[in-house]
file structure-v6.cif (mmCIF, C-alpha atoms and all ligand atoms)
data_my_file
#
loop_
_atom_site.label_atom_id
_atom_site.label_comp_id
_atom_site.auth_asym_id
_atom_site.auth_seq_id
_atom_site.Cartn_x
_atom_site.Cartn_y
_atom_site.Cartn_z
CA MET A 367 0.00 0.00 0.00
CA GLN A 368 0.97 3.61 -0.43
CA PRO A 369 1.88 5.07 2.93
CA GLU A 370 -0.15 8.24 3.26
CA ASN A 371 1.07 11.40 4.81
CA HIS A 372 -0.77 11.51 8.11
CA SER A 373 1.25 14.31 9.61
CA THR A 374 -0.74 16.87 7.64
CA GLY A 375 -3.96 15.53 9.18
CA VAL A 376 -5.53 15.65 5.71
CA LEU A 377 -6.11 11.92 5.28
CA PRO A 378 -7.38 9.66 8.06
CA PRO A 379 -5.29 6.46 8.32
CA ALA A 380 -6.52 3.70 6.00
CA LEU A 381 -8.30 0.97 7.95
CA ILE A 382 -10.03 -2.26 6.98
CA ASP A 383 -13.14 -3.44 8.80
CA ILE A 384 -12.69 -7.21 8.55
CA GLY A 385 -16.10 -7.98 10.10
CA ILE A 386 -19.17 -5.91 9.30
CA ASN A 387 -22.65 -7.48 9.02
CA LEU A 388 -23.65 -5.07 6.30
CA ALA A 389 -26.32 -7.44 4.99
CA HIS A 390 -28.20 -6.95 8.28
CA ASP A 391 -31.64 -5.40 7.83
CA SER A 392 -30.82 -2.54 10.20
CA TYR A 393 -28.84 -1.06 7.28
CA ASP A 394 -31.62 -1.54 4.71
CA SER A 395 -32.78 2.06 4.72
CA ASP A 396 -29.37 3.76 4.47
CA ARG A 397 -26.71 1.21 3.49
CA ASP A 398 -25.13 3.51 0.89
CA VAL A 399 -24.86 6.33 3.41
CA VAL A 400 -23.25 3.98 5.95
CA ILE A 401 -20.68 2.95 3.34
CA THR A 402 -19.96 6.55 2.38
CA ARG A 403 -19.57 7.54 6.02
CA ALA A 404 -17.15 4.66 6.58
CA ARG A 405 -15.01 5.76 3.62
CA SER A 406 -14.93 9.35 4.87
CA ALA A 407 -13.75 8.04 8.24
CA GLY A 408 -10.82 6.27 6.56
CA VAL A 409 -12.27 2.76 6.31
CA THR A 410 -11.04 2.01 2.83
CA GLN A 411 -12.19 -1.62 2.57
CA MET A 412 -14.73 -3.79 4.38
CA ILE A 413 -15.38 -7.51 4.57
CA VAL A 414 -19.11 -8.18 4.78
CA THR A 415 -19.85 -11.09 7.11
CA GLY A 416 -22.09 -13.88 5.92
CA SER A 417 -23.66 -15.84 8.77
CA THR A 418 -26.40 -17.80 6.99
CA LEU A 419 -26.78 -19.00 3.43
CA ALA A 420 -29.08 -16.03 2.73
CA SER A 421 -26.84 -13.39 4.32
CA SER A 422 -23.79 -14.89 2.58
CA ALA A 423 -25.58 -14.54 -0.76
CA GLN A 424 -26.41 -10.96 0.13
CA ALA A 425 -22.82 -10.28 1.18
CA VAL A 426 -21.62 -11.51 -2.23
CA LYS A 427 -24.21 -9.30 -3.93
CA LEU A 428 -22.97 -6.29 -1.98
CA ALA A 429 -19.34 -7.08 -2.78
CA ARG A 430 -20.24 -7.25 -6.48
CA ALA A 431 -21.96 -3.88 -6.24
CA TYR A 432 -18.88 -2.27 -4.65
CA PRO A 433 -15.90 -3.99 -6.28
CA GLY A 434 -12.60 -3.39 -4.55
CA LEU A 435 -14.32 -1.71 -1.60
CA LEU A 436 -16.50 -4.50 -0.21
CA PHE A 437 -15.60 -8.18 0.03
CA ALA A 438 -17.61 -11.04 1.49
CA THR A 439 -17.38 -14.11 3.64
CA ALA A 440 -19.63 -17.10 3.08
CA GLY A 441 -20.54 -19.31 5.98
CA VAL A 442 -23.07 -20.52 8.49
CA HIS A 443 -22.80 -19.21 12.06
CA PRO A 444 -23.10 -21.83 14.82
CA HIS A 445 -26.46 -20.29 15.81
CA HIS A 446 -27.74 -21.43 12.42
CA ALA A 447 -25.80 -24.69 12.25
CA SER A 448 -28.98 -26.73 11.82
CA GLU A 449 -29.54 -24.94 8.50
CA LEU A 450 -26.59 -26.83 7.00
CA ASN A 451 -27.49 -30.02 5.10
CA ALA A 452 -26.20 -31.60 1.89
CA GLN A 453 -28.20 -29.21 -0.24
CA THR A 454 -27.35 -25.99 1.58
CA LEU A 455 -23.72 -27.04 1.87
CA ALA A 456 -23.54 -27.34 -1.93
CA ALA A 457 -25.10 -23.88 -2.26
CA LEU A 458 -22.65 -22.51 0.29
CA GLU A 459 -19.73 -23.98 -1.63
CA GLU A 460 -21.00 -22.36 -4.82
CA LEU A 461 -21.03 -18.99 -3.03
CA ALA A 462 -17.68 -19.55 -1.35
CA ARG A 463 -16.07 -20.16 -4.75
CA GLN A 464 -16.96 -16.65 -5.94
CA PRO A 465 -13.94 -14.36 -6.32
CA GLN A 466 -15.56 -11.76 -4.01
CA VAL A 467 -15.56 -14.26 -1.14
CA VAL A 468 -12.30 -13.92 0.75
CA ALA A 469 -13.02 -16.31 3.63
CA VAL A 470 -15.22 -19.19 4.73
CA GLY A 471 -17.29 -18.23 7.78
CA GLU A 472 -18.36 -17.04 10.02
CA CYS A 473 -18.26 -20.54 11.37
CA GLY A 474 -17.29 -22.10 14.67
CA LEU A 475 -18.89 -23.00 17.98
CA ASP A 476 -21.14 -20.99 20.29
CA PHE A 477 -21.98 -22.74 23.55
CA PHE A 478 -23.11 -19.48 25.15
CA ARG A 479 -26.46 -19.14 23.43
CA ASN A 480 -26.76 -22.76 22.28
CA PHE A 481 -29.24 -21.96 19.50
CA SER A 482 -28.15 -25.21 17.83
CA PRO A 483 -27.31 -28.46 19.68
CA HIS A 484 -23.56 -29.04 20.20
CA PRO A 485 -23.23 -32.09 17.90
CA VAL A 486 -24.99 -30.14 15.13
CA GLN A 487 -22.64 -27.20 15.68
CA ARG A 488 -19.59 -29.48 15.55
CA ALA A 489 -20.74 -31.13 12.33
CA ALA A 490 -21.45 -27.79 10.63
CA PHE A 491 -18.10 -26.42 11.75
CA GLU A 492 -16.22 -29.48 10.54
CA GLN A 493 -17.89 -29.25 7.13
CA GLN A 494 -16.87 -25.61 6.81
CA LEU A 495 -13.31 -26.36 7.93
CA GLU A 496 -13.17 -28.90 5.12
CA LEU A 497 -14.73 -26.45 2.68
CA ALA A 498 -12.11 -23.79 3.45
CA ALA A 499 -9.30 -26.33 3.04
CA ARG A 500 -10.80 -27.54 -0.25
CA LEU A 501 -11.05 -24.00 -1.64
CA GLY A 502 -7.77 -22.80 -0.17
CA LYS A 503 -9.52 -19.86 1.50
CA PRO A 504 -8.93 -18.60 5.04
CA LEU A 505 -11.45 -19.01 7.87
CA PHE A 506 -13.49 -16.34 9.62
CA LEU A 507 -14.00 -17.95 13.00
CA HIS A 508 -16.55 -17.42 15.75
CA GLN A 509 -16.19 -18.93 19.21
CA ARG A 510 -18.03 -18.25 22.43
CA ASP A 511 -17.85 -20.31 25.63
CA ALA A 512 -16.47 -23.23 23.63
CA HIS A 513 -12.74 -22.57 23.57
CA ASP A 514 -11.47 -26.09 24.31
CA ASP A 515 -13.70 -27.91 21.81
CA PHE A 516 -13.11 -25.22 19.23
CA ALA A 517 -9.32 -25.23 19.61
CA ALA A 518 -9.25 -29.04 19.52
CA MET A 519 -11.14 -29.09 16.22
CA LEU A 520 -8.81 -26.48 14.76
CA ALA A 521 -5.71 -28.30 15.99
CA GLY A 522 -7.01 -31.34 14.10
CA ARG A 523 -6.67 -29.38 10.84
CA GLY A 524 -2.93 -29.06 11.32
CA ALA A 525 -0.90 -27.07 8.83
CA HIS A 526 -3.86 -26.15 6.62
CA LEU A 527 -5.05 -23.61 9.12
CA ARG A 528 -5.29 -19.98 7.97
CA GLY A 529 -7.82 -17.67 9.48
CA VAL A 530 -8.88 -15.11 12.02
CA ALA A 531 -10.45 -15.62 15.43
CA HIS A 532 -13.04 -12.88 15.01
CA CYS A 533 -14.25 -10.81 17.95
CA PHE A 534 -11.66 -12.19 20.36
CA THR A 535 -12.85 -11.74 23.95
CA GLY A 536 -10.87 -14.48 25.69
CA ASN A 537 -8.07 -14.58 28.26
CA GLY A 538 -4.29 -14.62 27.89
CA ALA A 539 -3.99 -18.41 27.73
CA GLN A 540 -6.65 -18.61 25.03
CA LEU A 541 -4.92 -15.85 23.08
CA GLN A 542 -1.61 -17.74 23.17
CA HIS A 543 -3.41 -20.91 22.16
CA TYR A 544 -4.84 -19.20 19.06
CA LEU A 545 -1.52 -17.61 18.16
CA GLY A 546 0.08 -21.03 18.50
CA LEU A 547 -2.46 -22.43 16.05
CA GLY A 548 -1.37 -19.78 13.57
CA LEU A 549 -4.52 -17.67 13.75
CA ALA A 550 -4.85 -13.94 13.39
CA ILE A 551 -6.88 -12.09 16.02
CA GLY A 552 -9.85 -9.81 15.30
CA ILE A 553 -10.55 -7.09 17.85
CA THR A 554 -13.94 -5.39 18.01
CA GLY A 555 -15.35 -2.54 20.08
CA TRP A 556 -15.73 -5.05 22.92
CA ILE A 557 -12.40 -3.61 24.09
CA CYS A 558 -14.09 -0.20 24.43
CA ASP A 559 -16.33 -1.54 27.19
CA GLU A 560 -14.73 -0.52 30.48
CA ARG A 561 -16.32 -3.48 32.28
CA ARG A 562 -16.45 -6.44 29.88
CA GLY A 563 -13.43 -5.40 27.83
CA ALA A 564 -11.02 -4.52 30.64
CA ASN A 565 -9.27 -7.91 30.54
CA LEU A 566 -8.46 -7.42 26.84
CA VAL A 567 -6.50 -4.20 27.32
CA PRO A 568 -3.30 -5.74 28.77
CA LEU A 569 -3.39 -8.53 26.14
CA MET A 570 -3.19 -6.19 23.15
CA GLY A 571 0.60 -5.88 23.42
CA GLU A 572 0.93 -9.68 23.14
CA ILE A 573 -0.53 -9.84 19.63
CA PRO A 574 2.14 -9.62 16.92
CA ALA A 575 1.37 -6.65 14.64
CA GLU A 576 1.13 -8.89 11.57
CA ARG A 577 -1.68 -10.90 13.23
CA LEU A 578 -3.85 -8.12 14.62
CA MET A 579 -6.94 -7.04 12.68
CA LEU A 580 -9.76 -4.65 13.44
CA GLU A 581 -13.48 -5.02 13.06
CA THR A 582 -16.69 -3.39 14.21
CA ASP A 583 -19.03 -6.42 13.99
CA GLY A 584 -21.73 -3.80 13.30
CA PRO A 585 -24.63 -3.44 13.84
CA TYR A 586 -23.61 -5.14 17.09
CA LEU A 587 -21.10 -4.00 19.74
CA LEU A 588 -21.42 -0.24 19.55
CA PRO A 589 -18.30 1.03 21.38
CA ARG A 590 -19.46 2.03 24.84
CA ASN A 591 -17.03 4.93 25.19
CA LEU A 592 -18.00 6.81 22.02
CA ARG A 593 -18.45 10.49 22.86
CA PRO A 594 -20.78 12.09 22.17
CA LYS A 595 -23.00 9.05 22.52
CA PRO A 596 -24.68 8.34 19.17
CA ALA A 597 -28.47 8.64 19.09
CA SER A 598 -28.73 5.11 17.68
CA ARG A 599 -27.49 1.90 19.31
CA ARG A 600 -26.58 0.63 15.86
CA ASN A 601 -22.85 0.22 15.33
CA GLU A 602 -21.37 1.01 11.92
CA PRO A 603 -17.99 0.83 10.17
CA ALA A 604 -17.40 4.60 10.48
CA TYR A 605 -16.68 3.93 14.18
CA LEU A 606 -13.75 1.64 13.39
CA PRO A 607 -11.15 4.41 13.95
CA HIS A 608 -12.51 4.70 17.48
CA ASN A 609 -11.83 0.98 18.12
CA ALA A 610 -8.44 1.38 16.49
CA MET A 611 -7.56 4.30 18.76
CA THR A 612 -8.47 2.24 21.84
CA VAL A 613 -6.36 -0.71 20.64
CA ALA A 614 -3.43 1.55 19.71
CA ARG A 615 -3.48 3.14 23.15
CA ALA A 616 -3.54 -0.31 24.80
CA ARG A 617 -0.51 -1.31 22.72
CA GLY A 618 1.34 1.93 23.34
CA GLU A 619 1.63 2.69 19.65
CA SER A 620 0.33 5.38 17.34
CA LEU A 621 -2.95 5.07 15.48
CA GLU A 622 -0.99 5.45 12.23
CA SER A 623 1.29 2.54 12.97
CA LEU A 624 -1.59 0.26 14.02
CA ALA A 625 -3.60 1.30 10.96
CA TYR A 626 -0.66 0.50 8.72
CA SER A 627 0.07 -2.92 10.25
CA SER A 628 -3.56 -4.06 10.66
CA THR A 629 -4.42 -3.05 7.10
CA ARG A 630 -1.38 -4.85 5.75
CA ALA A 631 -2.21 -7.95 7.85
CA ALA A 632 -5.81 -8.04 6.57
CA ARG A 633 -4.74 -7.58 2.94
CA GLN A 634 -2.30 -10.42 3.32
CA LEU A 635 -4.62 -12.95 4.99
CA PHE A 636 -7.61 -12.24 2.75
CA ALA A 637 -5.56 -11.51 -0.39
CA LEU A 638 -7.17 -8.10 -0.91
CA ALA A 639 -5.77 -5.83 -3.58
CA PRO A 640 -5.53 -2.24 -2.30
CA PRO A 641 -8.38 0.01 -3.51
CA SER A 642 -7.67 1.69 -6.84
CA SER A 643 -8.61 5.20 -5.71
ZN ZN A 701 -19.32 -13.79 15.54
#
call {"tool": "encode", "arguments": {"input": "structure-v6.cif", "output": "C-alpha cells", "more": "lines below"}}
Ligand SMILES: [Zn+2]
result
Amino acid sequence: MQPENHSTGVLPPALIDIGINLAHDSYDSDRDVVITRARSAGVTQMIVTGSTLASSAQAVKLARAYPGLLFATAGVHPHHASELNAQTLAALEELARQPQVVAVGECGLDFFRNFSPHPVQRAAFEQQLELAARLGKPLFLHQRDAHDDFAAMLAGRGAHLRGVAHCFTGNGAQLQHYLGLGLAIGITGWICDERRGANLVPLMGEIPAERLMLETDGPYLLPRNLRPKPASRRNEPAYLPHNAMTVARARGESLESLAYSSTRAARQLFALAPPSS
C-alpha cells in the first residue's frame, strides 16, 4: 500500500473493517450512506460477514456492487448450524467459490447461546473447515464459551489452518493458544467496554502486529465509550477508527502505525488488492 502522509492531518489512516454485518436489515434504509460515512472516516475496505446462506448470498451481492471496496465471507454461524445439510452445503460452496468471497465463515462453535445443539454445531463447523481447506480460503472464525472444543477441532486441521479468530474476547492463555495455532486475532469494540473489555486491554501488546486485525461487527457492539453518545445503538464501520484508537493506546503505539500494520495484515490474509482510488 501507499503510505499516506498523516502528519498533515488531511487523510485519516486507511483501515479495513474485517467484520461488518452489512447485509443486516438494520442497514436496509441507508446502506449507501453507511458505506460513504465509513469511507470518509478512513475505512477504505470492508469484509461483509455472511452468517447464513441467505446473508452470505447478500454479502456476495454487496461485494459485487462495490468492487474493490467490499468483500464477502460465506458461511453458516453456529447459531444457524442446523440450517446446513447436503443441499445448503452445496449452495454454500458455490457462493464460497466466488472471487468476491475472501473467507469461509463465520463458522465455529457458540456454547453461550446454544441456539443449535452441540453435535450439530460441531458437524457444521467441521464441514466448513473442510470447505475452506478444499477451496484454499482462510477461515473467519466465531467462538463463544467453547474454547477447548473449538481449539481441539482447529488443531485437528494441522498445517492447513489460515484464518482469524473474530471478535476475540478471551483470556491470555486462550490468546496464546490461538496464536500457537497460527490464527490472526480480530478485535472489536468489545475492548471499548470498560467493564467487559477490561481484561483485553493488557493482552493487546501480546498480539504480533502482523496478526492483529480490526473489526466493528456492526450493527452489534457499539463502542461504549464513544463520545458524544450516538443517538442510535446501531454500530457502523465509520466507528472503526474509534476501536483502532483504543487498541493503539492499549498497545502503546500510534494510530498510524496500528492502521498501517492491521491493514497490511488483513490484505495479506484475505488476499485483498488495495483500492484503486
Ligand atoms: Zn461472531
call {"tool": "residues_near_ligand", "arguments": {"input": "structure-v6.cif", "ligand": "ligand ZN 701 (chain A)", "cutoff": "7 Å", "atoms": "only C-alpha atoms and all ligand atoms", "output": "PyMOL selection string"}}
result
chain A and resi 472+508+532-533
call {"tool": "residues_around", "arguments": {"input": "structure-v6.cif", "residues": "segment 632-640 of chain A", "least_positions_apart": "6", "cutoff": "9 Å", "atoms": "only C-alpha atoms", "output": "ChimeraX atom specification"}}
result
/A:367-368,382-384,410-411,434-435,437,468-469,503-504,528-530,550,576-580
call {"tool": "atom_distance", "arguments": {"input": "structure-v6.cif", "atom1": "atom CA of Ser406 of chain A", "atom2": "atom CA of Ala614 of chain A"}}
result
20.3 Å
call {"tool": "closest_atom_pairs", "arguments": {"input": "structure-v6.cif", "of": "segment 520-574 of chain A", "to": "segment 590-613 of chain A", "cutoff": "9 Å", "atoms": "all atoms listed in the file", "output": "Markdown table"}}
result
| residue | atom | partner | partner_atom | distance |
| --- | --- | --- | --- | --- |
| A:Ile553 | CA | A:Val613 | CA | 8.1 |
| A:Thr554 | CA | A:Asn609 | CA | 6.7 |
| A:Gly555 | CA | A:Asn609 | CA | 5.3 |
| A:Trp556 | CA | A:Arg590 | CA | 8.2 |
| A:Ile557 | CA | A:Thr612 | CA | 7.4 |
| A:Cys558 | CA | A:Arg590 | CA | 5.8 |
| A:Asp559 | CA | A:Arg590 | CA | 5.3 |
| A:Glu560 | CA | A:Arg590 | CA | 7.8 |
| A:Val567 | CA | A:Val613 | CA | 7.5 |
| A:Met570 | CA | A:Val613 | CA | 6.8 |
call {"tool": "residues_around", "arguments": {"input": "structure-v6.cif", "residues": "Pro483 of chain A", "least_positions_apart": "4", "cutoff": "9 Å", "atoms": "all atoms listed in the file", "output": "ChimeraX atom specification"}}
result
/A:447-448,477,487-488
call {"tool": "closest_residue", "arguments": {"input": "structure-v6.cif", "among": "A:Ser395, A:Ser642, A:Thr402, A:Gln464", "to": "Val426 of chain A", "atoms": "only C-alpha atoms"}}
result
A:Gln464
call {"tool": "closest_atom_pairs", "arguments": {"input": "structure-v6.cif", "of": "segment 500-587 of chain A", "to": "segment 449-463 of chain A", "cutoff": "10 Å", "atoms": "all atoms listed in the file", "output": "CSV"}}
result
residue,atom,partner,partner_atom,distance
A:Arg500,CA,A:Glu459,CA,9.7
A:Leu501,CA,A:Arg463,CA,7.0
A:Gly502,CA,A:Arg463,CA,9.8
A:Lys503,CA,A:Ala462,CA,8.6
call {"tool": "atom_distance", "arguments": {"input": "structure-v6.cif", "atom1": "atom CA of Thr582 of chain A", "atom2": "atom CA of Asp394 of chain A"}}
result
17.8 Å
call {"tool": "residues_around", "arguments": {"input": "structure-v6.cif", "residues": "segment 536-547 of chain A", "least_positions_apart": "5", "cutoff": "8 Å", "atoms": "all atoms listed in the file", "output": "count of residues only"}}
result
10
call {"tool": "closest_residue", "arguments": {"input": "structure-v6.cif", "among": "A:Pro433, A:Pro444, A:Gly408, A:Pro485", "to": "Val467 of chain A", "atoms": "all atoms listed in the file"}}
result
A:Pro433
call {"tool": "atom_distance", "arguments": {"input": "structure-v6.cif", "atom1": "atom CA of Leu428 of chain A", "atom2": "atom CA of Ser392 of chain A"}}
result
15.0 Å
call {"tool": "closest_residue", "arguments": {"input": "structure-v6.cif", "among": "A:Ala525, A:Leu475, A:Ile401, A:Ala380", "to": "Ser628 of chain A", "atoms": "all atoms listed in the file"}}
result
A:Ala380
call {"tool": "closest_residue", "arguments": {"input": "structure-v6.cif", "among": "A:His390, A:His484, A:Arg430, A:Leu381", "to": "Ala407 of chain A", "atoms": "all atoms listed in the file"}}
result
A:Leu381
call {"tool": "residues_around", "arguments": {"input": "structure-v6.cif", "residues": "Leu436 of chain A", "least_positions_apart": "3", "cutoff": "6 Å", "atoms": "only C-alpha atoms", "output": "mmCIF file with C-alpha atoms, keeping the file's coordinate frame"}}
result
data_model
loop_
_atom_site.group_PDB
_atom_site.id
_atom_site.type_symbol
_atom_site.label_atom_id
_atom_site.label_comp_id
_atom_site.auth_asym_id
_atom_site.auth_seq_id
_atom_site.Cartn_x
_atom_site.Cartn_y
_atom_site.Cartn_z
ATOM 1 C CA GLN A 411 -12.190 -1.620 2.570
ATOM 2 C CA MET A 412 -14.730 -3.790 4.380
ATOM 3 C CA ILE A 413 -15.380 -7.510 4.570
ATOM 4 C CA ALA A 429 -19.340 -7.080 -2.780
ATOM 5 C CA TYR A 432 -18.880 -2.270 -4.650
#
call {"tool": "closest_residue", "arguments": {"input": "structure-v6.cif", "among": "A:Ser422, A:Arg510, A:Pro568, A:Leu549", "to": "Arg479 of chain A", "atoms": "all atoms listed in the file"}}
result
A:Arg510
call {"tool": "closest_residue", "arguments": {"input": "structure-v6.cif", "among": "A:His443, A:Arg562, A:Arg630, A:Arg523", "to": "Pro589 of chain A", "atoms": "only C-alpha atoms"}}
result
A:Arg562
call {"tool": "residues_around", "arguments": {"input": "structure-v6.cif", "residues": "His446 of chain A", "least_positions_apart": "4", "cutoff": "7 Å", "atoms": "all atoms listed in the file", "output": "short mmCIF file (atom, residue, chain, number, x, y, z; two decimals) with C-alpha atoms, in the frame of the given file"}}
result
data_model
loop_
_atom_site.label_atom_id
_atom_site.label_comp_id
_atom_site.auth_asym_id
_atom_site.auth_seq_id
_atom_site.Cartn_x
_atom_site.Cartn_y
_atom_site.Cartn_z
CA THR A 418 -26.40 -17.80 6.99
CA VAL A 442 -23.07 -20.52 8.49
CA SER A 482 -28.15 -25.21 17.83
#
